[in-house]
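So the structure is just underneath, and the comments pick up after that.
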Amino acid sequence: MTTRLVFIFLSAILVNNFVLSRFLGICPFLGVSKKVDTAVGMSIAVLFVMIMASIITWLLNILLVSLGLPFLTTIVFILIIATLVQFVEIVLKKTSPSLYEALGIFLPLITTNCAILGLALLNVQQNYSLLETIVNAAGAGLGFGLALILFSTIRERMDISDVPEPFKGTASALITAGLLSMAFMGFQGLVKL
Amino acid sequence: MTIVYSVLLMAILGIGAGVFLAYASAKFAVKEDPRTKLIEAALPGVNCGACGYPGCPAFAKAVAAGSVSLDGCLPGKRSGVPEKLKIVVEADPEKLISFFEESGEDAQKALEKLLEAAGAKAIPAPARPTRPSQEEIDTFKAKLKDNNRAMVIYSVLPNINCGICGAPGCAAFALKLSAKEDSADKCIPGKRQNTSQKVEKIFTISEPDIEKILNETAGDIAEIKKRLEV
């Protein structure tokens with residue numbers, strides 16, 4: 001049982017990294033990776049929303065299956081995730097203005113992040129139990145953070161180094177993302193579920 | 001049956017989520033500075049971003065914090081927004097809050113009351129600029145030939161003949177500027193291209209140098225511009 005949880009956790013972080021192996025959540029990966037500070041903020045927000053959304057969608061899925069409406073999962077999950085993110089934003093604004101300011105625009109942006117929806121749908125597909133779902137969500141969120149923070153540190157270094165004119169900015173960022181993804185391929189086969 | 005269930009489920013979920021969020025936003029409502037709200041009410045609300053802030057609310061926040069000039073709102077500049085902002089910013093805080101509460105926390109109404117109390121009715125909205133006719137533009141363009149400095153100034157103006165400066169066309173404005181009868185700040189479209197600094201720079205060029213520039217470029221506007229940038 002415990003080993004299975006550890007495997008799920010490791011697999012979500014390294015082997016099936018959401019950004020670098022599953023290619024989900026590419027938009028914030030490129031958009032929010034210019035500075036390490038914002039990357040950390042975004043990672044924390046994603047981790048939090050991923051765990052919350054996974055738990056609620058897991059419960060909802062039971063309802064959907066018992067009603068015989070599994071084809072509604074996608075649209076119901078989107079609705080629930082959007083509501084959840086809005087709720088988190090409202091509460092944060094009231095309870096922790098400093099965190100709210102730090103996360104800024106990223107929090108509402110997560111609403112439309114495919115990584116969150118992808119995670120919720122994958123959890124359902126794999127028939128995970130509630131505990132496994134939570135572990136998987138934590139792993140996915142940490143994996144997203146790992147990729148984002150790694151990438152942002154590389155980009156910060158590249159900004160100050162002497163890059164040939166045609167490769168400046170997005171061009172070198174895309175190449176870096178490709179190399180990073182290839183590096184993560186090395187984890188393939190590390191964990192077998 | 002499936003259809004009925006799905007419709008019912010989606011309806012319940014949708015209404016539930018809506019009610020839940022409405023309740024949450026009321027329960028966790030954050031009281032904002034009424035000054036910021038009044039400032040926001042005074043802005044055009046077009047969220048053009050020309051001030052450099054993402055939308056009017058962000059600009060309003062910056063104005064309330066005093067970190068931006070009151071005339072930073074470009075679309076509002078000609079409809080008296082800076083004057084309105086000045087009244088709001090300089091208003092007595094207690095008066096402002098009492099106006100805000102009197103009008104049921106409606107920022108628009110509170111703003112109107114505040115402006116009325118400050119006698120803001122006296123601020124006339126600036127007249128709409130009249131675009132000069134083609135004939136007027138051409139006559140002033142012809143006059144440029146006799147005035148070297150005005151010709152060089154003309155090259156740095158936007159040359160869109162909008163008439164906002166009050167002169168009939170850019171050529172007429174350049175003539176006025178060369179005689180120092182007007183300020184280059186009046187060129188609103190040129191503001192973001194630092195036209196007034198460029199005009200000032202032209203005044204530092206000596207008369208023979210101006211003639212030299214004109215002779216070498218054969219009076220070609222684009223060429224003169226290039227020469228000035230060097």
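Just so we're on the same page: first chain in the structure tokens is A, next is B, and so on; residues restart at 1 for each chain, and ligands are numbered from 1 in the order they show up.
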Closest pair table for segment 55-83 of chain A residues within 12 Å of segment 131-148 of chain A, only C-alpha atoms, as a tab-separated table:
```
residue	atom	partner	partner_atom	distance
A:Ile55	CA	A:Ile134	CA	6.7
A:Ile56	CA	A:Ile134	CA	10.4
A:Thr57	CA	A:Thr133	CA	9.9
A:Trp58	CA	A:Thr133	CA	7.7
A:Leu59	CA	A:Thr133	CA	10.7
```
TODO: Counting only C-alpha atoms, collect the residues of chain A whose closest atom lies at most 12 Å from chain B, and write them out as a ChimeraX atom specification.
DONE: /A:60,63-97,105
Task: Test item: residues at most 12 Å from Gln197 of chain B, only C-alpha atoms, excluding those fewer than 6 positions along its chain, as a list of chain:residue names - done: B:Ile153, B:Val156, B:Leu157, B:Ser183, B:Ala184, B:Asp185, B:Cys187, B:Gly190, B:Lys191, B:Phe203, B:Thr204
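Of the listed residues (B:Cys56, B:Ile97, B:Ala174, B:Val19), B:Ala174 comes nearest to Pro158 of chain B; the distances count only C-alpha atoms.
Atom to atom, atom CA of Glu229 of chain B and atom CA of Thr139 of chain B stand 28.2 Å apart.
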- [ ] Please run DSSP on the backbone and report, as a PyMOL selection string, all residues within segment 97-139 of chain A that come out as helix (DSSP H, G or I).
- [x] chain A and resi 97-103+106-110+114-125+130-139
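Put simply, atom CA of Leu144 of chain B is 19.7 Å away from atom CA of Lys186 of chain B.
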- [ ] Please provide as a PyMOL selection string all residues within 12 Å of Leu114 of chain B, with the sequence filter that same-chain residues fewer than 5 positions apart are discarded (counting only C-alpha atoms).
- [x] chain B and resi 35+38-39+41-42+84-100+102-103+107-109+119-121
Would you mind exporting N, CA and C atoms of the selected residues as a JSON list (two decimals), in the first residue's frame?
```json
[["chain", "number", "residue", "atom", "x", "y", "z"],
["B", 35, "ARG", "N", -11.90, 56.16, -1.69],
["B", 35, "ARG", "CA", -11.21, 57.11, -2.57],
["B", 35, "ARG", "C", -10.85, 56.44, -3.90],
["B", 38, "LEU", "N", -13.92, 56.12, -6.01],
["B", 38, "LEU", "CA", -14.33, 57.38, -6.62],
["B", 38, "LEU", "C", -13.40, 57.74, -7.77],
["B", 39, "ILE", "N", -12.11, 57.49, -7.58],
["B", 39, "ILE", "CA", -11.16, 57.77, -8.66],
["B", 39, "ILE", "C", -11.51, 56.91, -9.88],
["B", 41, "ALA", "N", -14.37, 55.79, -10.63],
["B", 41, "ALA", "CA", -15.61, 56.28, -11.23],
["B", 41, "ALA", "C", -15.34, 57.50, -12.11],
["B", 42, "ALA", "N", -14.30, 58.25, -11.79],
["B", 42, "ALA", "CA", -14.00, 59.44, -12.57],
["B", 42, "ALA", "C", -13.29, 59.11, -13.87],
["B", 84, "LYS", "N", -10.99, 66.38, -12.39],
["B", 84, "LYS", "CA", -11.86, 65.61, -11.49],
["B", 84, "LYS", "C", -11.01, 64.85, -10.47],
["B", 85, "LEU", "N", -9.94, 64.21, -10.98],
["B", 85, "LEU", "CA", -9.08, 63.42, -10.09],
["B", 85, "LEU", "C", -8.51, 64.32, -9.00],
["B", 86, "LYS", "N", -8.14, 65.54, -9.41],
["B", 86, "LYS", "CA", -7.53, 66.46, -8.45],
["B", 86, "LYS", "C", -8.51, 66.72, -7.31],
["B", 87, "ILE", "N", -9.79, 66.94, -7.67],
["B", 87, "ILE", "CA", -10.80, 67.22, -6.64],
["B", 87, "ILE", "C", -10.94, 66.02, -5.71],
["B", 88, "VAL", "N", -10.97, 64.80, -6.29],
["B", 88, "VAL", "CA", -11.13, 63.60, -5.45],
["B", 88, "VAL", "C", -9.94, 63.42, -4.54],
["B", 89, "VAL", "N", -8.73, 63.58, -5.11],
["B", 89, "VAL", "CA", -7.52, 63.33, -4.32],
["B", 89, "VAL", "C", -7.39, 64.35, -3.20],
["B", 90, "GLU", "N", -7.78, 65.60, -3.49],
["B", 90, "GLU", "CA", -7.59, 66.64, -2.48],
["B", 90, "GLU", "C", -8.76, 66.77, -1.52],
["B", 91, "ALA", "N", -9.81, 65.96, -1.77],
["B", 91, "ALA", "CA", -11.01, 66.09, -0.93],
["B", 91, "ALA", "C", -10.71, 65.67, 0.50],
["B", 92, "ASP", "N", -11.47, 66.26, 1.43],
["B", 92, "ASP", "CA", -11.35, 65.91, 2.84],
["B", 92, "ASP", "C", -11.82, 64.47, 3.04],
["B", 93, "PRO", "N", -11.01, 63.59, 3.65],
["B", 93, "PRO", "CA", -11.36, 62.17, 3.75],
["B", 93, "PRO", "C", -12.72, 61.94, 4.39],
["B", 94, "GLU", "N", -13.03, 62.70, 5.46],
["B", 94, "GLU", "CA", -14.30, 62.46, 6.15],
["B", 94, "GLU", "C", -15.48, 62.83, 5.27],
["B", 95, "LYS", "N", -15.32, 63.94, 4.54],
["B", 95, "LYS", "CA", -16.38, 64.39, 3.63],
["B", 95, "LYS", "C", -16.61, 63.33, 2.56],
["B", 96, "LEU", "N", -15.48, 62.82, 2.06],
["B", 96, "LEU", "CA", -15.54, 61.83, 0.99],
["B", 96, "LEU", "C", -16.28, 60.58, 1.45],
["B", 97, "ILE", "N", -15.94, 60.13, 2.67],
["B", 97, "ILE", "CA", -16.59, 58.91, 3.18],
["B", 97, "ILE", "C", -18.07, 59.17, 3.42],
["B", 98, "SER", "N", -18.41, 60.36, 3.94],
["B", 98, "SER", "CA", -19.83, 60.63, 4.21],
["B", 98, "SER", "C", -20.62, 60.68, 2.90],
["B", 99, "PHE", "N", -20.04, 61.26, 1.85],
["B", 99, "PHE", "CA", -20.69, 61.25, 0.54],
["B", 99, "PHE", "C", -20.91, 59.83, 0.06],
["B", 100, "PHE", "N", -19.86, 59.02, 0.26],
["B", 100, "PHE", "CA", -19.90, 57.63, -0.21],
["B", 100, "PHE", "C", -21.01, 56.85, 0.49],
["B", 102, "GLU", "N", -23.65, 58.21, 2.10],
["B", 102, "GLU", "CA", -24.96, 58.82, 1.80],
["B", 102, "GLU", "C", -25.56, 58.25, 0.52],
["B", 103, "SER", "N", -24.70, 58.03, -0.46],
["B", 103, "SER", "CA", -25.21, 57.57, -1.76],
["B", 103, "SER", "C", -25.27, 56.05, -1.83],
["B", 107, "ALA", "N", -20.34, 54.56, -6.07],
["B", 107, "ALA", "CA", -19.21, 55.44, -6.32],
["B", 107, "ALA", "C", -19.56, 56.55, -7.31],
["B", 108, "GLN", "N", -20.37, 56.18, -8.32],
["B", 108, "GLN", "CA", -20.70, 57.16, -9.36],
["B", 108, "GLN", "C", -21.49, 58.33, -8.76],
["B", 109, "LYS", "N", -22.49, 57.98, -7.95],
["B", 109, "LYS", "CA", -23.31, 59.03, -7.34],
["B", 109, "LYS", "C", -22.49, 59.87, -6.37],
["B", 119, "GLY", "N", -17.85, 72.52, -6.59],
["B", 119, "GLY", "CA", -18.11, 73.49, -7.64],
["B", 119, "GLY", "C", -17.48, 73.12, -8.96],
["B", 120, "ALA", "N", -17.42, 71.81, -9.22],
["B", 120, "ALA", "CA", -16.73, 71.34, -10.42],
["B", 120, "ALA", "C", -17.52, 71.60, -11.68],
["B", 121, "LYS", "N", -18.81, 72.01, -11.50],
["B", 121, "LYS", "CA", -19.61, 72.31, -12.69],
["B", 121, "LYS", "C", -18.92, 73.37, -13.54]]
```
